[in-house]
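S.K.: Below you'll find coords.txt; it's compact mmCIF, C-alpha atoms.
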# COMPACT_ATOMS: atom_id res chain seq x y z
CA MET A 17 24.43 97.24 -62.95
CA ILE A 18 25.57 94.54 -60.50
CA MET A 19 28.94 95.31 -58.97
CA ASP A 20 31.46 92.77 -57.74
CA CYS A 21 32.15 93.10 -54.00
CA LYS A 22 34.14 89.90 -53.48
CA LYS A 23 37.41 91.72 -52.98
CA VAL A 24 36.12 93.34 -49.78
CA SER A 25 34.13 90.39 -48.47
CA ASN A 26 36.72 89.84 -45.74
CA THR A 27 37.49 93.51 -45.13
CA LEU A 28 35.65 94.03 -41.87
CA PRO A 29 35.33 97.30 -39.92
CA PHE A 30 37.29 98.14 -36.77
CA LYS A 31 40.83 96.94 -36.01
CA GLY A 32 39.75 93.39 -35.27
CA PRO A 33 37.13 91.38 -37.20
CA ASN A 34 35.67 89.85 -34.04
CA ILE A 35 33.54 92.91 -33.23
CA TYR A 36 31.70 92.79 -36.54
CA ASN A 37 31.34 89.00 -36.36
CA ALA A 38 29.98 89.34 -32.82
CA THR A 39 27.42 91.88 -34.10
CA ALA A 40 26.29 89.48 -36.84
CA TYR A 41 26.10 86.64 -34.31
CA VAL A 42 23.98 88.64 -31.84
CA GLN A 43 21.65 89.77 -34.64
CA ASP A 44 21.14 86.16 -35.76
CA HIS A 45 20.60 84.68 -32.28
CA THR A 46 17.49 85.87 -30.48
CA LEU A 47 18.50 84.36 -27.14
CA ILE A 48 21.85 86.19 -27.12
CA ASN A 49 20.18 89.47 -28.04
CA ARG A 50 17.54 88.84 -25.40
CA GLY A 51 20.22 87.89 -22.86
CA ILE A 52 21.95 91.26 -23.25
CA THR A 53 18.63 93.07 -22.95
CA THR A 54 17.61 90.97 -19.94
CA LEU A 55 20.80 91.44 -17.92
CA GLY A 56 21.32 95.08 -18.90
CA GLY A 57 17.67 96.11 -18.97
CA SER A 58 15.28 94.02 -16.95
CA THR A 59 17.62 92.61 -14.28
CA VAL A 60 20.55 94.73 -13.08
CA PRO A 61 19.03 98.25 -13.50
CA GLN A 62 15.63 97.12 -12.26
CA CYS A 63 17.25 95.68 -9.14
CA VAL A 64 18.87 99.07 -8.56
CA MET A 65 15.54 100.81 -9.19
CA SER A 66 13.64 98.58 -6.71
CA ASN A 67 11.63 100.12 -3.86
CA ASN A 68 13.36 98.08 -1.14
CA LYS A 69 15.88 95.29 -0.60
CA TYR A 70 13.25 92.55 -0.70
CA GLU A 71 12.04 93.57 -4.14
CA ALA A 72 15.67 93.89 -5.28
CA GLN A 73 16.46 90.39 -4.01
CA GLU A 74 13.39 89.00 -5.75
CA ARG A 75 14.29 90.59 -9.07
CA ALA A 76 17.89 89.37 -8.75
CA ILE A 77 16.69 85.79 -8.14
CA MET A 78 14.24 85.96 -11.03
CA GLY A 79 16.86 87.43 -13.36
CA GLY A 80 19.51 84.87 -12.41
CA VAL A 81 17.25 81.84 -12.74
CA TYR A 82 15.70 83.26 -15.92
CA PHE A 83 19.15 83.69 -17.48
CA VAL A 84 20.08 80.06 -16.77
CA ALA A 85 16.70 78.71 -17.88
CA SER A 86 16.57 80.74 -21.09
CA TYR A 87 20.15 80.85 -22.32
CA LEU A 88 22.06 77.92 -20.85
CA THR A 89 19.58 75.03 -20.72
CA PRO A 90 18.65 75.21 -24.47
CA ILE A 91 22.32 74.63 -25.32
CA LEU A 92 22.14 71.38 -23.33
CA LEU A 93 18.56 70.25 -23.97
CA ILE A 94 17.80 71.11 -27.61
CA PRO A 95 20.62 68.94 -29.09
CA LEU A 96 19.28 66.03 -27.03
CA TYR A 97 15.74 66.61 -28.31
CA ASN A 98 17.00 66.92 -31.90
CA LYS A 99 18.96 63.68 -32.16
CA HIS A 100 16.56 61.55 -30.09
CA PHE A 101 13.51 62.55 -32.14
CA LEU A 102 15.48 62.05 -35.39
CA LYS A 103 16.42 58.53 -34.30
CA ASN A 104 12.93 57.69 -33.03
CA LYS A 105 11.47 58.75 -36.40
CA GLY A 106 14.02 56.59 -38.21
CA ILE A 107 15.67 59.45 -40.09
CA THR A 108 19.01 58.69 -38.44
CA LYS A 109 20.20 55.26 -37.37
CA SER A 110 22.11 56.35 -34.26
CA LEU A 111 22.46 59.27 -31.85
CA GLU A 112 25.95 59.97 -33.16
CA GLY A 113 27.18 60.86 -36.63
CA LEU A 114 26.68 63.89 -38.85
CA GLY A 115 23.22 62.79 -39.98
CA LYS A 116 21.78 64.60 -36.94
CA LYS A 117 22.82 67.90 -38.59
CA ILE A 118 19.86 67.44 -40.96
CA ILE A 119 17.73 69.11 -38.28
CA GLN A 120 19.40 72.39 -39.29
CA VAL A 121 18.07 72.34 -42.85
CA PRO A 122 15.99 75.58 -42.97
CA LYS A 123 12.23 75.10 -42.92
CA LYS A 124 11.80 76.90 -46.25
CA TYR A 125 13.15 73.73 -47.90
CA LEU A 126 10.56 71.58 -46.10
CA THR A 127 7.51 73.38 -47.49
CA PRO A 128 5.57 71.79 -50.41
CA ASP A 129 7.33 74.08 -52.92
CA GLY A 130 10.74 73.89 -51.22
CA ASP A 131 13.69 72.20 -52.94
CA LEU A 132 14.73 69.69 -50.28
CA LYS A 133 17.73 68.40 -52.23
CA GLU A 134 19.07 71.94 -52.55
CA GLY A 135 18.52 72.53 -48.84
CA LEU A 136 20.43 69.38 -47.95
CA ARG A 137 23.28 70.37 -50.24
CA LYS A 138 23.62 73.93 -48.88
CA THR A 139 23.38 72.83 -45.25
CA ALA A 140 25.98 70.09 -45.78
CA GLU A 141 28.30 72.56 -47.52
CA MET A 142 28.11 74.86 -44.52
CA PHE A 143 29.35 72.14 -42.17
CA ASP A 144 31.83 70.57 -44.58
CA LYS A 145 33.41 73.96 -45.24
CA LYS A 146 34.25 74.21 -41.54
CA SER A 147 35.58 70.65 -41.25
CA GLY A 148 37.37 70.56 -44.60
CA ASN A 149 35.82 67.25 -45.72
CA ASN A 150 32.62 65.94 -47.28
CA GLU A 151 31.42 63.79 -44.39
CA CYS A 152 28.20 65.75 -43.79
CA GLN A 153 27.34 65.60 -47.50
CA LYS A 154 27.76 61.81 -47.42
CA ALA A 155 25.58 61.49 -44.31
CA PHE A 156 22.80 63.55 -45.91
CA GLU A 157 23.04 61.60 -49.17
CA GLU A 158 22.66 58.33 -47.25
CA ILE A 159 19.42 59.59 -45.67
CA TYR A 160 18.11 61.04 -48.96
CA ASN A 161 18.88 57.88 -50.96
CA ARG A 162 17.41 55.65 -48.27
CA TYR A 163 14.10 57.57 -48.43
CA ASN A 164 14.13 58.12 -52.20
CA ASP A 165 10.99 60.21 -51.68
CA ASP A 166 11.15 63.99 -51.13
CA ALA A 167 7.60 64.26 -49.84
CA LYS A 168 8.05 61.49 -47.26
CA LEU A 169 11.36 62.89 -46.00
CA LYS A 170 9.85 66.39 -45.73
CA LYS A 171 6.89 65.01 -43.80
CA ASP A 172 9.14 63.10 -41.37
CA LEU A 173 11.47 66.07 -40.86
CA LEU A 174 8.51 68.36 -40.16
CA SER A 175 7.21 65.79 -37.68
CA VAL A 176 10.56 65.88 -35.87
CA HIS A 177 10.56 69.69 -35.93
CA GLU A 178 7.05 69.67 -34.45
CA LYS A 179 8.07 67.37 -31.60
CA VAL A 180 11.18 69.47 -30.87
CA LEU A 181 9.16 72.71 -30.94
CA ILE A 182 6.40 71.38 -28.65
CA THR A 183 8.91 69.87 -26.21
CA ASP A 184 11.06 72.99 -26.16
CA TYR A 185 7.99 75.22 -25.84
CA ILE A 186 6.59 73.31 -22.84
CA THR A 187 10.04 73.04 -21.20
CA THR A 188 10.80 76.75 -21.65
CA ALA A 189 7.29 77.92 -20.68
CA GLY A 190 7.38 75.64 -17.63
CA MET A 191 10.69 77.07 -16.43
CA TRP A 192 9.56 80.64 -17.05
CA SER A 193 6.33 80.00 -15.14
CA LEU A 194 8.25 78.50 -12.22
CA ILE A 195 10.61 81.47 -11.81
CA PRO A 196 8.11 83.89 -10.14
CA TRP A 197 7.15 81.14 -7.70
CA ILE A 198 10.79 80.54 -6.72
CA ALA A 199 11.36 84.25 -6.07
CA THR A 200 8.12 84.92 -4.19
CA GLU A 201 8.36 81.76 -2.05
CA SER A 202 11.88 82.75 -1.00
CA THR A 203 10.62 86.20 0.03
CA GLU A 204 7.72 84.70 1.97
CA TYR A 205 10.10 82.33 3.76
CA ARG A 206 12.35 85.21 4.85
CA THR A 207 9.71 87.83 5.67
CA LYS A 208 6.55 85.83 6.49
CA ARG A 209 4.65 88.26 4.25
CA ARG A 210 2.55 87.22 1.29
CA ASP A 211 1.84 90.52 -0.45
CA PHE A 212 3.81 92.33 -3.19
CA SER A 213 7.37 92.92 -1.93
CA ALA A 214 7.65 96.30 -3.68
CA GLY A 215 5.03 97.70 -1.27
CA PHE A 216 6.50 96.35 1.98
CA LYS A 217 7.55 99.77 3.28
CA LEU A 218 4.52 101.51 1.84
CA LYS A 219 1.77 99.56 3.56
CA ASN A 220 1.10 96.81 6.07
CA GLY A 221 0.53 93.37 4.61
CA LYS A 222 -2.98 91.96 4.91
CA GLN A 223 -2.58 88.23 5.50
CA LYS A 224 -4.94 85.48 4.38
CA SER A 225 -5.53 82.26 6.30
CA GLN A 226 -3.33 79.23 5.56
CA GLU A 227 -6.29 77.33 4.12
CA GLU A 228 -7.18 80.19 1.74
CA LEU A 229 -3.55 80.44 0.63
CA ARG A 230 -3.26 76.68 0.03
CA LYS A 231 -6.42 76.52 -2.12
CA SER A 232 -5.45 79.65 -4.03
CA LYS A 233 -1.92 78.37 -4.68
CA ASN A 234 -3.15 74.97 -5.93
CA LYS A 235 -5.52 76.64 -8.39
CA LYS A 236 -2.80 78.99 -9.63
CA ILE A 237 -0.33 76.14 -10.16
CA LEU A 238 -2.94 74.15 -12.10
CA TRP A 239 -3.65 77.11 -14.36
CA ASN A 240 0.09 77.69 -14.84
CA VAL A 241 0.51 74.07 -16.00
CA LEU A 242 -2.41 74.37 -18.42
CA PHE A 243 -1.01 77.59 -19.90
CA CYS A 244 2.31 75.82 -20.52
CA VAL A 245 1.06 72.58 -22.05
CA ILE A 246 -2.04 73.46 -24.10
CA PRO A 247 -0.63 76.49 -26.01
CA GLY A 248 2.60 74.54 -26.62
CA ILE A 249 0.78 71.67 -28.31
CA LEU A 250 -1.56 73.94 -30.32
CA PHE A 251 1.26 76.26 -31.41
CA GLY A 252 3.53 73.39 -32.55
CA LYS A 253 0.78 71.67 -34.54
CA THR A 254 -0.37 74.96 -36.12
CA VAL A 255 3.17 75.76 -37.29
CA THR A 256 3.55 72.29 -38.82
CA LYS A 257 0.20 72.55 -40.60
CA GLY A 258 1.10 75.99 -41.94
CA LEU A 259 4.46 74.79 -43.26
CA SER A 260 3.05 71.63 -44.82
CA THR A 261 0.04 73.34 -46.48
CA LYS A 262 0.48 74.59 -50.03
CA ILE A 263 -0.02 78.36 -50.13
CA THR A 264 -3.06 79.55 -52.06
CA LYS A 265 -3.67 83.15 -53.03
CA GLU A 266 -7.37 83.06 -52.28
CA ILE A 267 -9.12 82.16 -49.03
CA ASN A 268 -12.55 80.56 -49.21
CA GLN A 269 -14.97 83.44 -48.71
CA ASN A 270 -17.81 81.06 -47.81
CA ALA A 271 -15.99 79.80 -44.71
CA ASP A 272 -16.98 81.11 -41.28
CA ILE A 273 -14.97 83.88 -39.64
CA PHE A 274 -12.96 81.50 -37.44
CA LYS A 275 -11.95 79.28 -40.35
CA LYS A 276 -11.00 82.34 -42.40
CA GLY A 277 -8.86 83.62 -39.56
CA PHE A 278 -7.17 80.23 -39.09
CA ASN A 279 -6.50 79.94 -42.84
CA LYS A 280 -4.90 83.38 -42.82
CA ILE A 281 -2.63 82.29 -39.97
CA LEU A 282 -1.64 79.13 -41.87
CA THR A 283 -0.95 81.19 -45.01
CA LYS A 284 1.19 83.63 -43.04
CA ILE A 285 3.22 80.76 -41.57
CA GLY A 286 3.67 79.19 -45.01
CA GLN A 287 4.84 82.50 -46.47
CA ASN A 288 7.41 83.04 -43.68
CA PRO A 289 8.94 79.63 -42.85
CA SER A 290 12.26 81.15 -41.73
CA ASN A 291 10.43 82.79 -38.80
CA PHE A 292 10.26 79.35 -37.19
CA ASP A 293 13.86 78.20 -37.67
CA TYR A 294 16.19 77.40 -34.78
CA MET A 295 19.55 79.08 -35.45
CA SER A 296 22.42 76.60 -35.03
CA GLY A 297 19.72 74.08 -34.15
CA THR A 298 19.43 75.46 -30.60
CA ASN A 299 18.44 79.15 -30.66
CA MET A 300 14.73 79.81 -31.12
CA SER A 301 13.57 82.56 -33.46
CA LYS A 302 11.98 85.79 -32.26
CA THR A 303 8.60 84.54 -33.45
CA ILE A 304 8.79 81.41 -31.28
CA TYR A 305 10.12 83.46 -28.38
CA ALA A 306 7.24 85.93 -28.71
CA ALA A 307 4.67 83.12 -28.84
CA ILE A 308 5.96 81.54 -25.62
CA TRP A 309 6.01 84.95 -23.94
CA VAL A 310 2.49 85.97 -24.96
CA LEU A 311 0.68 82.63 -24.79
CA SER A 312 2.29 81.17 -21.65
CA SER A 313 4.76 83.31 -19.71
CA PHE A 314 2.61 86.43 -19.49
CA PRO A 315 -0.57 84.62 -18.28
CA ALA A 316 1.52 82.63 -15.77
CA LYS A 317 2.96 85.82 -14.25
CA ILE A 318 -0.48 87.36 -13.92
CA ILE A 319 -1.93 84.20 -12.37
CA SER A 320 0.89 83.82 -9.81
CA SER A 321 0.69 87.45 -8.62
CA ARG A 322 0.27 87.84 -4.84
CA ASP A 323 -2.07 90.82 -4.88
CA LYS A 324 -3.66 93.29 -7.26
CA ASN A 325 -0.73 95.73 -7.02
CA GLU A 326 1.71 93.06 -8.19
CA ARG A 327 -0.76 92.03 -10.90
CA LYS A 328 -0.87 95.60 -12.21
CA ASP A 329 2.92 95.92 -12.01
CA ARG A 330 3.53 92.66 -13.88
CA THR A 331 0.95 93.53 -16.52
CA LEU A 332 2.44 96.93 -17.26
CA ARG A 333 6.04 95.71 -16.88
CA ASP A 334 5.59 92.79 -19.28
CA VAL A 335 3.64 94.84 -21.82
CA GLY A 336 6.40 97.45 -21.67
CA LEU A 337 9.17 94.85 -21.95
CA PHE A 338 7.45 93.09 -24.85
CA THR A 339 6.82 96.34 -26.71
CA MET A 340 10.38 97.60 -26.23
CA PHE A 341 12.04 94.27 -26.99
CA PHE A 342 10.12 93.56 -30.19
CA GLY A 343 9.40 97.17 -31.18
CA GLY A 344 12.04 99.36 -29.52
CA ASP A 345 15.05 97.94 -31.37
CA PHE A 346 13.14 98.01 -34.64
CA LEU A 347 12.00 101.62 -34.17
CA ILE A 348 15.43 102.96 -33.18
CA ASN A 349 17.20 100.91 -35.87
CA ASN A 350 14.73 102.08 -38.49
CA ILE A 351 15.11 105.78 -37.68
CA ALA A 352 18.90 105.65 -37.21
CA GLY A 353 19.46 103.36 -40.23
CA ARG A 354 17.37 105.45 -42.61
CA THR A 355 19.04 108.64 -41.37
CA ALA A 356 22.51 107.15 -41.88
CA ASP A 357 21.60 105.91 -45.37
CA LYS A 358 20.44 109.41 -46.30
CA ILE A 359 23.39 111.32 -44.81
CA PHE A 360 26.31 108.93 -45.43
CA GLY A 361 25.07 107.11 -48.53
CA THR A 362 25.17 103.73 -46.79
CA LYS A 363 22.74 100.86 -47.45
CA ILE A 364 21.99 99.69 -43.92
CA MET A 365 18.26 99.20 -44.48
CA GLU A 366 16.77 96.53 -46.72
CA SER A 367 15.94 97.67 -50.21
CA GLY A 368 12.23 97.72 -50.97
CA GLY A 369 12.21 99.55 -54.29
CA GLU A 370 11.95 103.21 -55.20
CA ASN A 371 8.15 103.61 -55.26
CA LEU A 372 7.47 102.90 -51.58
CA ASN A 373 5.47 105.41 -49.53
CA PHE A 374 6.48 106.60 -46.04
CA PHE A 375 4.79 103.76 -44.15
CA GLN A 376 6.10 101.08 -46.52
CA LYS A 377 9.63 102.38 -46.05
CA PHE A 378 9.09 102.44 -42.31
CA LYS A 379 8.41 98.68 -42.35
CA LEU A 380 11.82 97.92 -43.84
CA LYS A 381 14.30 96.12 -41.56
CA LEU A 382 18.05 96.23 -41.11
CA ARG A 383 19.98 94.06 -43.52
CA ASN A 384 21.21 90.78 -42.12
CA PHE A 385 24.86 91.38 -41.19
CA ARG A 386 25.71 87.73 -41.85
CA LYS A 387 24.64 88.11 -45.48
CA LEU A 388 25.82 91.69 -45.94
CA GLU A 389 29.33 90.76 -47.06
CA HIS A 390 27.81 88.97 -50.06
CA ALA A 391 25.76 92.02 -51.14
CA THR A 392 26.05 92.87 -54.83
CA ASP A 393 24.10 96.15 -54.97
CA MET A 394 26.85 98.48 -53.75
CA THR A 395 30.44 99.45 -54.41
CA PRO A 396 33.26 98.09 -52.19
CA GLU A 397 33.64 101.51 -50.51
CA ILE A 398 29.92 101.75 -49.67
CA LEU A 399 29.90 98.15 -48.48
CA LYS A 400 32.73 98.77 -46.05
CA LYS A 401 31.10 101.97 -44.77
CA THR A 402 27.74 100.23 -44.46
CA LYS A 403 29.25 97.45 -42.36
CA SER A 404 31.08 99.87 -40.06
CA ILE A 405 28.24 102.33 -39.49
CA GLY A 406 25.59 99.59 -39.47
CA ALA A 407 27.33 97.63 -36.71
CA GLY A 408 27.76 100.78 -34.64
CA LEU A 409 24.10 101.74 -35.01
CA TYR A 410 22.99 98.21 -34.11
CA TRP A 411 24.77 98.39 -30.74
CA PHE A 412 23.59 101.96 -30.20
CA SER A 413 19.94 100.96 -30.66
CA LEU A 414 20.35 97.81 -28.53
CA LEU A 415 21.94 99.71 -25.63
CA THR A 416 19.49 102.64 -25.91
CA ASN A 417 16.55 100.24 -25.81
CA THR A 418 18.14 98.44 -22.84
CA ALA A 419 18.51 101.71 -20.93
CA LEU A 420 14.87 102.63 -21.55
CA ILE A 421 13.75 99.22 -20.26
CA GLY A 422 16.10 99.32 -17.27
CA PHE A 423 15.50 102.85 -15.96
CA ALA A 424 12.56 104.63 -17.60
CA LEU A 425 10.08 101.74 -17.24
CA PRO A 426 10.67 100.96 -13.51
CA LYS A 427 10.68 104.67 -12.64
CA PHE A 428 7.17 104.97 -14.06
CA LEU A 429 6.03 101.73 -12.38
CA ASN A 430 7.35 102.82 -8.98
CA LYS A 431 5.35 106.05 -9.18
CA PHE A 432 2.29 104.11 -10.29
CA LEU A 433 2.64 101.71 -7.31
CA ARG A 434 2.95 104.57 -4.79
CA TYR A 435 -0.12 106.23 -6.29
CA ASN A 436 -2.17 103.02 -6.02
CA ILE A 437 -1.13 102.30 -2.43
CA LYS A 438 -1.84 105.88 -1.40
CA LYS A 439 -5.24 105.66 -3.08
CA GLU A 440 -5.99 102.38 -1.27
CA GLY A 441 -5.04 103.98 2.04
CA ASN A 442 -7.30 106.97 1.46
CA GLU A 443 -10.21 104.73 0.51
CA ALA A 444 -9.64 102.57 3.59
CA ASN A 445 -9.62 105.62 5.85
CA ILE A 446 -12.84 106.95 4.35
CA SER A 447 -14.47 103.53 4.73
CA MET A 448 -13.34 103.31 8.38
CA TYR A 449 -14.57 106.70 9.49
CA GLN A 450 -17.71 106.92 7.34
CA PRO A 451 -19.02 103.33 7.15
CA ASN A 452 -22.68 104.38 6.90
CA MET A 453 -22.21 107.32 4.55
CA PRO A 454 -21.37 105.97 1.08
CA SER A 455 -22.22 109.35 -0.45
CA MET A 456 -19.40 111.03 1.55
CA LYS A 457 -16.72 109.06 -0.36
CA LYS A 458 -18.22 110.19 -3.64
CA PHE A 459 -18.36 113.79 -2.35
CA LEU A 460 -14.74 113.79 -1.22
CA ASN A 461 -13.55 112.35 -4.53
CA ASN A 462 -15.23 115.14 -6.50
Write out the structure in this file as structure tokens.

M.R.:
Amino acid sequence: MIMDCKKVSNTLPFKGPNIYNATAYVQDHTLINRGITTLGGSTVPQCVMSNNKYEAQERAIMGGVYFVASYLTPILLIPLYNKHFLKNKGITKSLEGLGKKIIQVPKKYLTPDGDLKEGLRKTAEMFDKKSGNNECQKAFEEIYNRYNDDAKLKKDLLSVHEKVLITDYITTAGMWSLIPWIATESTEYRTKRRDFSAGFKLKNGKQKSQEELRKSKNKKILWNVLFCVIPGILFGKTVTKGLSTKITKEINQNADIFKKGFNKILTKIGQNPSNFDYMSGTNMSKTIYAAIWVLSSFPAKIISSRDKNERKDRTLRDVGLFTMFFGGDFLINNIAGRTADKIFGTKIMESGGENLNFFQKFKLKLRNFRKLEHATDMTPEILKKTKSIGAGLYWFSLLTNTALIGFALPKFLNKFLRYNIKKEGNEANISMYQPNMPSMKKFLNN
């Protein structure tokens, strides 16, 4: 039986509705969610947990520049990319007007089986509801009637999306790759040391010649540029191909292993087009964010490391951050949400049917808070309780995950760094005093 929940659609938890709306907004916008985690987890606490003031200053610089590059510049740059590419493709006639809002039509309507006309109507309704007129609907109708061809309009819109994605990818990856250089160069300028700042008080820096440093830096910068540009182009074109390819249930078994793998990737993209949407036209999805992190930002950090200790630290730190950011929230939300549903009778987790096994249930995600008020599978009382408890658990998991990133991770890394430096010192001492007895080192280590 489907129950009517319209009468409580505006009955939000807490004394003011802004808290629940803020929760829904943060859940929808990856960059906002990431911003909270970055400032509260990987910037402020990790500055406090630094080994010395130089490392703390470096992490503060990186965190500050990262925040601006990741959360403020997209608000300024993405709208410019959107309307300029739309005009260059001929979809819109000018840089002004509501026609530029067509970029926010979800990608599921641009796939071969997507209903583009329906997507245009729903997107226009969303904007016209806020403005109280039908101007956006008229702008979209003008574009649709001018094309008079769904397939051609889909193709052109996907082309614009591809250009925006590639441009945004390269811009974002480039800024992220530049951040470690800004921080480390500032430390070198102040201290005249070129090794990992976290170990300044733990060991003496071993300096390289200026010529060695110049050649090494030039190679690193070249590799950083390549890791920004090439993955950006390949990723953007792969997403477009996946969205524009009609999904087939069977993959050619006669194809080689690489073609099979690529076809599976294209199929996965086609089955999940919403994973590549930009919320509000400016906020990249978690999938895009993860791709930039893994394909470009992570390699750039490893390449720009000053010594092997920093390379190890960045490897473990980024793997830990990535795991906790994309898995920590999910794990805590899953456990807390399922527990709350069982104890309080709420429906915080997505419904996957009654015949799911343990692992299938564990894959279920939190309901989207933006869509929760339109749910029709619960009574008004359960809906209200679900919204209240669900919002509370969301912030609990976000802050818990942030604390683990901010304090537990650097505490482990600091111990690991001290162990490595102590080990290096012991090995250096053995090498100094027993240069002609390689078997002695092996004996002492046993």

S.K.: Between A:Ile263, A:Met295, A:Leu55, A:Ile48, which is the closest to Gly130 in chain A once you count all atoms listed in the file?

M.R.: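 Looking only at the distances to Gly130 in chain A, the closest residue turns out to be A:Ile263.
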
S.K.: Which residue is closest to Lys431 in chain A? Choose from A:Leu347, A:Ser66, A:Gly297, A:Cys244 and count all atoms listed in the file.

M.R.: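 Nearest candidate to Lys431 in chain A out of A:Leu347, A:Ser66, A:Gly297, A:Cys244: A:Ser66.
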
S.K.: Taking into account all atoms listed in the file, which residue in the set A:Glu389, A:Glu440, A:Glu141, A:Asp293 is nearest to Leu181 in chain A?

M.R.: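 Ranking A:Glu389, A:Glu440, A:Glu141, A:Asp293 by distance to Leu181 in chain A, first place goes to A:Asp293.
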
S.K.: Dump as JSON lines the rows for residues of range 163-240 of chain A within 9 Å of range 74-80 of chain A: closest atom pair and distance in Å with one decimal, all atoms listed in the file counted, ordered by chain and rising residue number.

M.R.:
{"residue": "A:Ile195", "atom": "CA", "partner": "A:Met78", "partner_atom": "CA", "distance": 5.8}
{"residue": "A:Pro196", "atom": "CA", "partner": "A:Met78", "partner_atom": "CA", "distance": 6.5}
{"residue": "A:Ile198", "atom": "CA", "partner": "A:Met78", "partner_atom": "CA", "distance": 7.7}
{"residue": "A:Ala199", "atom": "CA", "partner": "A:Glu74", "partner_atom": "CA", "distance": 5.2}
{"residue": "A:Thr200", "atom": "CA", "partner": "A:Glu74", "partner_atom": "CA", "distance": 6.8}
{"residue": "A:Ser202", "atom": "CA", "partner": "A:Glu74", "partner_atom": "CA", "distance": 8.0}
{"residue": "A:Thr203", "atom": "CA", "partner": "A:Glu74", "partner_atom": "CA", "distance": 7.0}
{"residue": "A:Ser213", "atom": "CA", "partner": "A:Glu74", "partner_atom": "CA", "distance": 8.1}

S.K.: Next, dump the selected residues to file, keeping only C-alpha atoms, as a PDB file, in the frame of the given file.

M.R.:
ATOM      1  CA  ILE A 195      10.610  81.470 -11.810  1.00  0.00           C
ATOM      2  CA  PRO A 196       8.110  83.890 -10.140  1.00  0.00           C
ATOM      3  CA  ILE A 198      10.790  80.540  -6.720  1.00  0.00           C
ATOM      4  CA  ALA A 199      11.360  84.250  -6.070  1.00  0.00           C
ATOM      5  CA  THR A 200       8.120  84.920  -4.190  1.00  0.00           C
ATOM      6  CA  SER A 202      11.880  82.750  -1.000  1.00  0.00           C
ATOM      7  CA  THR A 203      10.620  86.200   0.030  1.00  0.00           C
ATOM      8  CA  SER A 213       7.370  92.920  -1.930  1.00  0.00           C
TER       9      SER A 213
END

S.K.: Please identify all polymer residues within 8 Å of Asp172 in chain A, counting all atoms listed in the file, omitting same-chain residues fewer than 4 positions from it, and present them as JSON, numbers by chain.

M.R.: {"A": [105, 107, 168, 176]}

S.K.: A:Ile319, A:Val60, A:Leu429, A:Ile35: which is nearest Trp239 in chain A, counting all atoms listed in the file?

M.R.: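 Residue with the minimum atom-to-atom distance to Trp239 in chain A: A:Ile319.
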
S.K.: Using CA of Tyr435 in chain A and CA of Asn67 in chain A as the two end points, give the distance in Å to one decimal.

M.R.: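 Atom-to-atom, CA of Tyr435 in chain A to CA of Asn67 in chain A, that is 13.5 Å.
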
S.K.: If we count all atoms listed in the file and set the cut-off at 7 Å, which residues sit around range 111-123 of chain A, ignoring sequence neighbours fewer than 2 positions away in its own chain? Please answer as JSON, numbers by chain.

M.R.: {"A": [98, 99, 100, 102, 103, 108, 125, 126, 127, 135, 136, 139, 152, 155, 156, 289, 290, 293, 296, 297]}

S.K.: In terms of the shortest atom-to-atom distance over all atoms listed in the file, which of A:Lys69, A:Arg330, A:Lys262, A:Lys138 is closest to Arg206 in chain A?

M.R.: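 Checking each of A:Lys69, A:Arg330, A:Lys262, A:Lys138 against Arg206 in chain A, counting all atoms listed in the file, the winner is A:Lys69.
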
S.K.: Name the residues within 7 Å of (22.6, 88.6, -39.6), counting all atoms listed in the file in the file's coordinates, and put them as a PyMOL selection string.

M.R.: chain A and resi 40-41+43-44+384-387

S.K.: Distance cut-off 6 Å, centre (5.2, 68.2, -35.0) in file coordinates, counting all atoms listed in the file: which residues qualify? Return them as a compact mmCIF listing (two decimals) with C-alpha atoms, in the frame of the given file.

M.R.:
# COMPACT_ATOMS: atom_id res chain seq x y z
CA SER A 175 7.21 65.79 -37.68
CA VAL A 176 10.56 65.88 -35.87
CA HIS A 177 10.56 69.69 -35.93
CA GLU A 178 7.05 69.67 -34.45
CA LYS A 179 8.07 67.37 -31.60
CA GLY A 252 3.53 73.39 -32.55
CA LYS A 253 0.78 71.67 -34.54
CA THR A 256 3.55 72.29 -38.82

S.K.: Pick from A:Asn349, A:Asn104, A:Asn161, A:Thr283: nearest to Lys257 in chain A, with all atoms listed in the file counted?

M.R.: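 Among the listed residues, the smallest separation from Lys257 in chain A belongs to A:Thr283.
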